[in-house]
$ cat model-v3.csv   # CSV, N, CA and C atoms and all ligand atoms
chain,number,residue,atom,x,y,z
S,284,MET,N,-101.4,19.9,-110.0
S,284,MET,CA,-102.8,19.5,-109.9
S,284,MET,C,-103.1,19.3,-108.4
S,285,LEU,N,-104.2,19.8,-108.0
S,285,LEU,CA,-104.7,19.7,-106.6
S,285,LEU,C,-105.3,18.3,-106.4
S,286,HIS,N,-105.0,17.7,-105.3
S,286,HIS,CA,-105.6,16.4,-104.9
S,286,HIS,C,-106.6,16.6,-103.8
S,287,TYR,N,-107.8,16.1,-104.1
S,287,TYR,CA,-108.8,16.2,-103.1
S,287,TYR,C,-109.2,14.8,-102.6
S,288,SER,N,-109.7,14.7,-101.4
S,288,SER,CA,-110.2,13.4,-101.0
S,288,SER,C,-111.5,13.7,-100.3
S,289,CYS,N,-112.4,12.7,-100.4
S,289,CYS,CA,-113.7,12.8,-99.8
S,289,CYS,C,-113.6,12.9,-98.3
S,290,ASP,N,-114.2,13.9,-97.6
S,290,ASP,CA,-114.1,14.0,-96.2
S,290,ASP,C,-114.9,13.0,-95.4
S,291,ALA,N,-115.8,12.3,-96.2
S,291,ALA,CA,-116.6,11.3,-95.5
S,291,ALA,C,-116.0,9.9,-95.6
S,292,CYS,N,-115.7,9.5,-96.8
S,292,CYS,CA,-115.2,8.1,-97.0
S,292,CYS,C,-113.7,8.1,-97.2
S,293,LYS,N,-113.0,9.2,-97.3
S,293,LYS,CA,-111.6,9.4,-97.5
S,293,LYS,C,-111.1,8.9,-98.8
S,294,ARG,N,-112.0,8.6,-99.7
S,294,ARG,CA,-111.6,8.2,-101.0
S,294,ARG,C,-111.1,9.4,-101.8
S,295,PRO,N,-110.0,9.2,-102.5
S,295,PRO,CA,-109.5,10.3,-103.3
S,295,PRO,C,-110.5,10.7,-104.4
S,296,ILE,N,-110.6,12.0,-104.7
S,296,ILE,CA,-111.5,12.4,-105.7
S,296,ILE,C,-110.6,12.9,-106.9
S,297,LYS,N,-110.7,12.2,-108.0
S,297,LYS,CA,-110.0,12.6,-109.1
S,297,LYS,C,-110.8,13.6,-109.9
S,298,THR,N,-110.4,14.8,-109.9
S,298,THR,CA,-111.2,15.9,-110.4
S,298,THR,C,-111.4,15.8,-111.9
S,299,ASP,N,-110.6,15.0,-112.6
S,299,ASP,CA,-110.8,14.9,-114.0
S,299,ASP,C,-111.8,13.9,-114.4
S,300,THR,N,-112.1,12.9,-113.5
S,300,THR,CA,-113.1,11.9,-113.7
S,300,THR,C,-114.3,12.0,-112.8
S,301,ASP,N,-114.0,12.4,-111.5
S,301,ASP,CA,-115.1,12.5,-110.5
S,301,ASP,C,-115.5,13.9,-110.3
S,302,VAL,N,-116.8,14.0,-109.9
S,302,VAL,CA,-117.3,15.3,-109.5
S,302,VAL,C,-117.0,15.5,-108.0
S,303,ARG,N,-116.4,16.7,-107.8
S,303,ARG,CA,-116.2,17.0,-106.3
S,303,ARG,C,-117.3,17.9,-105.9
S,304,HIS,N,-117.9,17.5,-104.8
S,304,HIS,CA,-119.0,18.3,-104.2
S,304,HIS,C,-118.5,19.0,-102.9
S,305,VAL,N,-118.8,20.2,-102.8
S,305,VAL,CA,-118.4,21.0,-101.7
S,305,VAL,C,-119.7,21.2,-100.8
S,306,VAL,N,-119.5,20.9,-99.5
S,306,VAL,CA,-120.6,21.1,-98.6
S,306,VAL,C,-120.1,22.2,-97.6
S,307,LYS,N,-120.9,23.3,-97.5
S,307,LYS,CA,-120.6,24.3,-96.6
S,307,LYS,C,-121.7,24.4,-95.5
S,308,ILE,N,-121.2,24.3,-94.3
S,308,ILE,CA,-122.2,24.4,-93.2
S,308,ILE,C,-121.8,25.6,-92.3
S,309,GLU,N,-122.7,26.4,-92.0
S,309,GLU,CA,-122.5,27.5,-91.1
S,309,GLU,C,-123.3,27.3,-89.8
S,310,VAL,N,-122.7,27.4,-88.7
S,310,VAL,CA,-123.3,27.2,-87.4
S,310,VAL,C,-123.2,28.5,-86.6
S,311,PHE,N,-124.3,29.0,-86.2
S,311,PHE,CA,-124.2,30.2,-85.4
S,311,PHE,C,-125.4,30.4,-84.5
S,312,PRO,N,-125.3,31.0,-83.4
S,312,PRO,CA,-126.4,31.1,-82.5
S,312,PRO,C,-127.4,32.1,-83.0
S,313,ALA,N,-128.7,31.7,-83.1
S,313,ALA,CA,-129.7,32.6,-83.5
S,313,ALA,C,-130.2,33.5,-82.4
S,314,VAL,N,-129.3,34.4,-82.0
S,314,VAL,CA,-129.7,35.3,-80.9
S,314,VAL,C,-130.2,36.6,-81.5
S,315,GLU,N,-131.4,36.9,-81.1
S,315,GLU,CA,-132.1,38.1,-81.7
S,315,GLU,C,-132.2,39.2,-80.6
S,316,ASP,N,-131.1,39.5,-80.0
S,316,ASP,CA,-131.1,40.5,-78.9
S,316,ASP,C,-130.7,41.8,-79.4
S,317,GLN,N,-130.4,42.0,-80.6
S,317,GLN,CA,-129.9,43.2,-81.1
S,317,GLN,C,-130.9,44.4,-81.0
S,318,SER,N,-132.1,44.1,-81.4
S,318,SER,CA,-133.1,45.2,-81.3
S,318,SER,C,-134.1,45.0,-80.2
S,319,CYS,N,-134.5,43.7,-80.0
S,319,CYS,CA,-135.6,43.5,-79.0
S,319,CYS,C,-135.1,43.4,-77.6
S,320,GLY,N,-133.8,43.3,-77.4
S,320,GLY,CA,-133.3,43.2,-76.1
S,320,GLY,C,-133.7,44.3,-75.2
S,321,CYS,N,-133.6,45.5,-75.8
S,321,CYS,CA,-134.0,46.7,-75.0
S,321,CYS,C,-135.4,46.7,-74.6
S,322,ASP,N,-136.3,46.4,-75.5
S,322,ASP,CA,-137.7,46.3,-75.2
S,322,ASP,C,-138.0,45.4,-74.1
S,323,GLU,N,-137.3,44.2,-74.2
S,323,GLU,CA,-137.6,43.2,-73.2
S,323,GLU,C,-137.1,43.7,-71.8
S,324,ALA,N,-136.0,44.3,-71.8
S,324,ALA,CA,-135.5,44.9,-70.5
S,324,ALA,C,-136.4,45.9,-70.0
S,325,GLU,N,-136.9,46.7,-70.9
S,325,GLU,CA,-137.8,47.8,-70.4
S,325,GLU,C,-139.1,47.2,-69.8
S,326,SER,N,-139.7,46.3,-70.5
S,326,SER,CA,-140.9,45.7,-70.0
S,326,SER,C,-140.7,45.0,-68.7
S,327,LEU,N,-139.6,44.4,-68.6
S,327,LEU,CA,-139.2,43.7,-67.3
S,327,LEU,C,-139.1,44.7,-66.2
S,328,ALA,N,-138.4,45.8,-66.6
S,328,ALA,CA,-138.2,46.9,-65.6
S,328,ALA,C,-139.5,47.5,-65.1
S,329,ALA,N,-140.4,47.6,-66.0
S,329,ALA,CA,-141.7,48.2,-65.7
S,329,ALA,C,-142.4,47.3,-64.6
S,330,ASP,N,-142.1,46.0,-64.6
S,330,ASP,CA,-142.7,45.2,-63.6
S,330,ASP,C,-141.8,45.1,-62.4
S,331,ALA,N,-142.1,45.7,-61.3
S,331,ALA,CA,-141.2,45.8,-60.2
S,331,ALA,C,-140.8,44.4,-59.7
S,332,ASP,N,-141.7,43.5,-59.8
S,332,ASP,CA,-141.4,42.1,-59.2
S,332,ASP,C,-140.3,41.5,-60.0
S,333,ASN,N,-140.2,41.9,-61.2
S,333,ASN,CA,-139.2,41.2,-62.1
S,333,ASN,C,-137.8,41.9,-62.1
S,334,LEU,N,-137.7,43.0,-61.3
S,334,LEU,CA,-136.5,43.8,-61.3
S,334,LEU,C,-135.3,43.0,-60.9
S,335,GLU,N,-135.4,42.3,-59.8
S,335,GLU,CA,-134.3,41.5,-59.3
S,335,GLU,C,-133.9,40.5,-60.4
S,336,GLU,N,-135.0,39.8,-60.9
S,336,GLU,CA,-134.8,38.8,-61.9
S,336,GLU,C,-134.0,39.3,-63.1
S,337,MET,N,-134.4,40.5,-63.5
S,337,MET,CA,-133.8,41.1,-64.6
S,337,MET,C,-132.3,41.4,-64.4
S,338,GLN,N,-132.0,41.9,-63.2
S,338,GLN,CA,-130.6,42.2,-62.9
S,338,GLN,C,-129.8,40.9,-62.8
S,339,ASP,N,-130.4,39.9,-62.3
S,339,ASP,CA,-129.8,38.6,-62.3
S,339,ASP,C,-129.5,38.1,-63.7
S,340,LEU,N,-130.5,38.3,-64.5
S,340,LEU,CA,-130.3,37.9,-65.9
S,340,LEU,C,-129.2,38.6,-66.6
S,341,LEU,N,-129.2,40.0,-66.4
S,341,LEU,CA,-128.2,40.8,-67.0
S,341,LEU,C,-126.8,40.4,-66.6
S,342,GLU,N,-126.7,40.1,-65.3
S,342,GLU,CA,-125.4,39.7,-64.7
S,342,GLU,C,-124.9,38.4,-65.4
S,343,ARG,N,-125.9,37.5,-65.5
S,343,ARG,CA,-125.5,36.2,-66.1
S,343,ARG,C,-125.2,36.4,-67.6
S,344,LEU,N,-125.9,37.3,-68.3
S,344,LEU,CA,-125.6,37.6,-69.7
S,344,LEU,C,-124.1,38.1,-69.8
S,345,ASP,N,-123.8,39.0,-68.9
S,345,ASP,CA,-122.4,39.6,-68.9
S,345,ASP,C,-121.4,38.5,-68.8
S,346,GLU,N,-121.7,37.6,-67.8
S,346,GLU,CA,-120.7,36.5,-67.5
S,346,GLU,C,-120.5,35.6,-68.7
S,347,SER,N,-121.7,35.2,-69.3
S,347,SER,CA,-121.6,34.2,-70.4
S,347,SER,C,-121.0,34.9,-71.6
S,348,ASP,N,-121.2,36.2,-71.7
S,348,ASP,CA,-120.6,36.9,-72.8
S,348,ASP,C,-119.0,36.8,-72.8
S,349,GLU,N,-118.5,37.1,-71.6
S,349,GLU,CA,-117.1,37.0,-71.4
S,349,GLU,C,-116.5,35.6,-71.5
S,350,ALA,N,-117.3,34.7,-71.0
S,350,ALA,CA,-116.8,33.3,-70.9
S,350,ALA,C,-116.7,32.7,-72.3
S,351,THR,N,-117.8,32.8,-73.1
S,351,THR,CA,-117.8,32.1,-74.4
S,351,THR,C,-117.3,33.0,-75.5
S,352,GLY,N,-117.7,34.3,-75.5
S,352,GLY,CA,-117.4,35.1,-76.7
S,352,GLY,C,-118.3,34.7,-77.8
S,353,PHE,N,-118.4,35.6,-78.8
S,353,PHE,CA,-119.3,35.4,-79.9
S,353,PHE,C,-118.7,34.4,-80.9
S,354,ASP,N,-117.4,34.6,-81.1
S,354,ASP,CA,-116.8,33.8,-82.2
S,354,ASP,C,-116.8,32.3,-81.9
S,355,ASP,N,-116.8,32.0,-80.6
S,355,ASP,CA,-116.7,30.6,-80.3
S,355,ASP,C,-117.9,29.8,-80.7
S,356,ALA,N,-119.1,30.4,-80.7
S,356,ALA,CA,-120.3,29.7,-81.0
S,356,ALA,C,-120.5,29.6,-82.6
S,357,THR,N,-119.7,30.4,-83.3
S,357,THR,CA,-119.9,30.4,-84.7
S,357,THR,C,-118.9,29.5,-85.4
S,358,ARG,N,-119.4,28.6,-86.3
S,358,ARG,CA,-118.5,27.7,-87.0
S,358,ARG,C,-118.8,27.8,-88.5
S,359,SER,N,-117.8,27.8,-89.2
S,359,SER,CA,-118.0,27.7,-90.7
S,359,SER,C,-117.3,26.4,-91.1
S,360,LEU,N,-118.0,25.4,-91.6
S,360,LEU,CA,-117.4,24.2,-91.9
S,360,LEU,C,-117.5,24.0,-93.4
S,361,ARG,N,-116.5,23.3,-93.9
S,361,ARG,CA,-116.4,23.0,-95.4
S,361,ARG,C,-115.9,21.6,-95.6
S,362,PHE,N,-116.7,20.9,-96.4
S,362,PHE,CA,-116.3,19.5,-96.7
S,362,PHE,C,-116.3,19.2,-98.2
S,363,ASP,N,-115.4,18.4,-98.6
S,363,ASP,CA,-115.4,17.9,-99.9
S,363,ASP,C,-116.0,16.5,-99.9
S,364,LEU,N,-116.9,16.2,-100.8
S,364,LEU,CA,-117.6,14.9,-100.9
S,364,LEU,C,-117.5,14.4,-102.3
S,365,CYS,N,-117.3,13.0,-102.3
S,365,CYS,CA,-117.5,12.3,-103.6
S,365,CYS,C,-118.9,12.2,-103.9
S,366,ASP,N,-119.2,11.8,-105.1
S,366,ASP,CA,-120.6,11.8,-105.5
S,366,ASP,C,-121.5,10.8,-104.6
S,367,ALA,N,-121.0,9.7,-104.3
S,367,ALA,CA,-121.7,8.7,-103.4
S,367,ALA,C,-122.1,9.4,-102.1
S,368,CYS,N,-121.1,10.0,-101.5
S,368,CYS,CA,-121.3,10.6,-100.2
S,368,CYS,C,-122.2,11.8,-100.3
S,369,ARG,N,-122.1,12.5,-101.4
S,369,ARG,CA,-123.0,13.7,-101.6
S,369,ARG,C,-124.4,13.2,-101.6
S,370,GLN,N,-124.7,12.1,-102.3
S,370,GLN,CA,-126.1,11.6,-102.3
S,370,GLN,C,-126.5,11.2,-100.9
S,371,ARG,N,-125.6,10.6,-100.1
S,371,ARG,CA,-126.0,10.2,-98.8
S,371,ARG,C,-126.2,11.4,-97.9
S,372,PHE,N,-125.4,12.4,-98.1
S,372,PHE,CA,-125.5,13.6,-97.3
S,372,PHE,C,-126.8,14.4,-97.5
S,373,VAL,N,-127.2,14.5,-98.8
S,373,VAL,CA,-128.4,15.3,-99.0
S,373,VAL,C,-129.6,14.6,-98.5
S,374,LYS,N,-129.5,13.3,-98.4
S,374,LYS,CA,-130.7,12.5,-97.9
S,374,LYS,C,-130.7,12.6,-96.4
S,375,ASN,N,-129.6,12.8,-95.8
S,375,ASN,CA,-129.5,12.8,-94.3
S,375,ASN,C,-128.4,13.7,-93.8
S,376,PRO,N,-128.6,15.0,-93.9
S,376,PRO,CA,-127.5,15.9,-93.6
S,376,PRO,C,-126.9,15.8,-92.2
S,377,LEU,N,-127.7,15.4,-91.3
S,377,LEU,CA,-127.2,15.4,-89.9
S,377,LEU,C,-126.8,14.0,-89.5
S,378,GLY,N,-126.8,13.1,-90.4
S,378,GLY,CA,-126.4,11.7,-90.1
S,378,GLY,C,-127.2,11.0,-89.1
S,379,LEU,N,-128.5,11.4,-89.0
S,379,LEU,CA,-129.4,10.8,-88.1
S,379,LEU,C,-129.8,9.4,-88.5
S,380,LYS,N,-130.0,8.5,-87.5
S,380,LYS,CA,-130.5,7.2,-87.9
S,380,LYS,C,-131.9,7.4,-88.4
S,381,ASN,N,-132.2,6.8,-89.5
S,381,ASN,CA,-133.5,7.0,-90.0
S,381,ASN,C,-134.5,6.1,-89.3
S,382,GLY,N,-135.8,6.5,-89.4
S,382,GLY,CA,-136.8,5.9,-88.5
S,382,GLY,C,-137.2,4.5,-88.9
S,383,LYS,N,-136.6,4.0,-90.0
S,383,LYS,CA,-137.0,2.6,-90.4
S,383,LYS,C,-136.5,1.6,-89.4
S,384,GLN,N,-137.4,0.8,-88.9
S,384,GLN,CA,-136.9,-0.3,-88.0
S,384,GLN,C,-136.7,-1.5,-88.8
S,385,LEU,N,-135.4,-1.7,-89.1
S,385,LEU,CA,-135.0,-2.8,-90.0
S,385,LEU,C,-135.2,-4.1,-89.4
S,386,ASP,N,-135.1,-4.1,-88.1
S,386,ASP,CA,-135.1,-5.4,-87.3
S,386,ASP,C,-136.6,-5.7,-86.9
S,387,PHE,N,-137.5,-5.0,-87.4
S,387,PHE,CA,-138.9,-5.2,-87.1
S,387,PHE,C,-139.4,-6.4,-87.9
S,388,SER,N,-138.8,-7.5,-87.6
S,388,SER,CA,-139.1,-8.7,-88.4
S,388,SER,C,-140.4,-9.4,-87.9
S,389,ASN,N,-140.8,-10.4,-88.7
S,389,ASN,CA,-142.1,-11.0,-88.4
S,389,ASN,C,-141.8,-12.4,-87.8
S,390,ASN,N,-141.0,-12.5,-86.8
S,390,ASN,CA,-140.7,-13.8,-86.2
S,390,ASN,C,-141.6,-14.1,-85.0
S,401,ZN,ZN,-117.1,9.8,-100.2
$ encode --input "model-v3.csv" --output "structure tokens"
Amino acid sequence: MLHYSCDACKRPIKTDTDVRHVVKIEVFPAVEDQSCGCDEAESLAADADNLEEMQDLLERLDESDEATGFDDATRSLRFDLCDACRQRFVKNPLGLKNGKQLDFSNN
């Protein structure tokens, strides 16, 4: 029998009594240069003033491409959560502090 534990609170999840929730998160750069990159380069090239700028940009793109690679920016994460943590997660997936000012007391 497989043993799972909650990735948030580390509590063991007994699959016979508890419900195990799986959270999958995919992180990837939303780069849309596949089709429109050429158009952009063309329009920049048409403007003579921007020619240097464009070459500069292309050089920098080359460098960053080599430096980071595409795989590095892409992450596929998977977590197991117990029911309590699942409820907390769906309310606040990024773990942000919520805007409620609890110490906004009337003193
Ligand atoms: Zn948990």
$ closest_residue --input "model-v3.csv" --among "S:Tyr287, S:Asp301, S:Val310, S:Lys293" --to "Asp366 in chain S" --atoms "all atoms listed in the file"
S:Asp301
$ closest_residue --input "model-v3.csv" --among "S:Pro295, S:Ile308, S:Lys374, S:Leu285" --to "ligand ZN 401 (chain S)" --atoms "all atoms listed in the file"
S:Pro295
$ atom_distance --input "model-v3.csv" --atom1 "atom N of Arg358 in chain S" --atom2 "CA of Phe311 in chain S"
5.1 Å
$ residues_near_ligand --input "model-v3.csv" --ligand "ligand ZN 401 (chain S)" --cutoff "12 Å" --atoms "only C-alpha atoms and all ligand atoms" --output "list in words"
Tyr287, Ser288, Cys289, Asp290, Ala291, Cys292, Lys293, Arg294, Pro295, Ile296, Lys297, Asp301, Val302, Arg303, His304, Val305, Val306, Phe362, Asp363, Leu364, Cys365, Asp366, Ala367, Cys368, Arg369, Gln370, Arg371 and Phe372 of chain S
$ write_last_selection --input "model-v3.csv" --atoms "N, CA and C atoms" --output "tab-separated table (two decimals), in the frame of the given file"
chain	number	residue	atom	x	y	z
S	287	TYR	N	-107.80	16.10	-104.10
S	287	TYR	CA	-108.80	16.20	-103.10
S	287	TYR	C	-109.20	14.80	-102.60
S	288	SER	N	-109.70	14.70	-101.40
S	288	SER	CA	-110.20	13.40	-101.00
S	288	SER	C	-111.50	13.70	-100.30
S	289	CYS	N	-112.40	12.70	-100.40
S	289	CYS	CA	-113.70	12.80	-99.80
S	289	CYS	C	-113.60	12.90	-98.30
S	290	ASP	N	-114.20	13.90	-97.60
S	290	ASP	CA	-114.10	14.00	-96.20
S	290	ASP	C	-114.90	13.00	-95.40
S	291	ALA	N	-115.80	12.30	-96.20
S	291	ALA	CA	-116.60	11.30	-95.50
S	291	ALA	C	-116.00	9.90	-95.60
S	292	CYS	N	-115.70	9.50	-96.80
S	292	CYS	CA	-115.20	8.10	-97.00
S	292	CYS	C	-113.70	8.10	-97.20
S	293	LYS	N	-113.00	9.20	-97.30
S	293	LYS	CA	-111.60	9.40	-97.50
S	293	LYS	C	-111.10	8.90	-98.80
S	294	ARG	N	-112.00	8.60	-99.70
S	294	ARG	CA	-111.60	8.20	-101.00
S	294	ARG	C	-111.10	9.40	-101.80
S	295	PRO	N	-110.00	9.20	-102.50
S	295	PRO	CA	-109.50	10.30	-103.30
S	295	PRO	C	-110.50	10.70	-104.40
S	296	ILE	N	-110.60	12.00	-104.70
S	296	ILE	CA	-111.50	12.40	-105.70
S	296	ILE	C	-110.60	12.90	-106.90
S	297	LYS	N	-110.70	12.20	-108.00
S	297	LYS	CA	-110.00	12.60	-109.10
S	297	LYS	C	-110.80	13.60	-109.90
S	301	ASP	N	-114.00	12.40	-111.50
S	301	ASP	CA	-115.10	12.50	-110.50
S	301	ASP	C	-115.50	13.90	-110.30
S	302	VAL	N	-116.80	14.00	-109.90
S	302	VAL	CA	-117.30	15.30	-109.50
S	302	VAL	C	-117.00	15.50	-108.00
S	303	ARG	N	-116.40	16.70	-107.80
S	303	ARG	CA	-116.20	17.00	-106.30
S	303	ARG	C	-117.30	17.90	-105.90
S	304	HIS	N	-117.90	17.50	-104.80
S	304	HIS	CA	-119.00	18.30	-104.20
S	304	HIS	C	-118.50	19.00	-102.90
S	305	VAL	N	-118.80	20.20	-102.80
S	305	VAL	CA	-118.40	21.00	-101.70
S	305	VAL	C	-119.70	21.20	-100.80
S	306	VAL	N	-119.50	20.90	-99.50
S	306	VAL	CA	-120.60	21.10	-98.60
S	306	VAL	C	-120.10	22.20	-97.60
S	362	PHE	N	-116.70	20.90	-96.40
S	362	PHE	CA	-116.30	19.50	-96.70
S	362	PHE	C	-116.30	19.20	-98.20
S	363	ASP	N	-115.40	18.40	-98.60
S	363	ASP	CA	-115.40	17.90	-99.90
S	363	ASP	C	-116.00	16.50	-99.90
S	364	LEU	N	-116.90	16.20	-100.80
S	364	LEU	CA	-117.60	14.90	-100.90
S	364	LEU	C	-117.50	14.40	-102.30
S	365	CYS	N	-117.30	13.00	-102.30
S	365	CYS	CA	-117.50	12.30	-103.60
S	365	CYS	C	-118.90	12.20	-103.90
S	366	ASP	N	-119.20	11.80	-105.10
S	366	ASP	CA	-120.60	11.80	-105.50
S	366	ASP	C	-121.50	10.80	-104.60
S	367	ALA	N	-121.00	9.70	-104.30
S	367	ALA	CA	-121.70	8.70	-103.40
S	367	ALA	C	-122.10	9.40	-102.10
S	368	CYS	N	-121.10	10.00	-101.50
S	368	CYS	CA	-121.30	10.60	-100.20
S	368	CYS	C	-122.20	11.80	-100.30
S	369	ARG	N	-122.10	12.50	-101.40
S	369	ARG	CA	-123.00	13.70	-101.60
S	369	ARG	C	-124.40	13.20	-101.60
S	370	GLN	N	-124.70	12.10	-102.30
S	370	GLN	CA	-126.10	11.60	-102.30
S	370	GLN	C	-126.50	11.20	-100.90
S	371	ARG	N	-125.60	10.60	-100.10
S	371	ARG	CA	-126.00	10.20	-98.80
S	371	ARG	C	-126.20	11.40	-97.90
S	372	PHE	N	-125.40	12.40	-98.10
S	372	PHE	CA	-125.50	13.60	-97.30
S	372	PHE	C	-126.80	14.40	-97.50
$ atom_distance --input "model-v3.csv" --atom1 "atom C of Arg361 in chain S" --atom2 "atom N of Glu315 in chain S"
26.2 Å
$ atom_distance --input "model-v3.csv" --atom1 "CA of Ala313 in chain S" --atom2 "CA of Leu360 in chain S"
17.1 Å
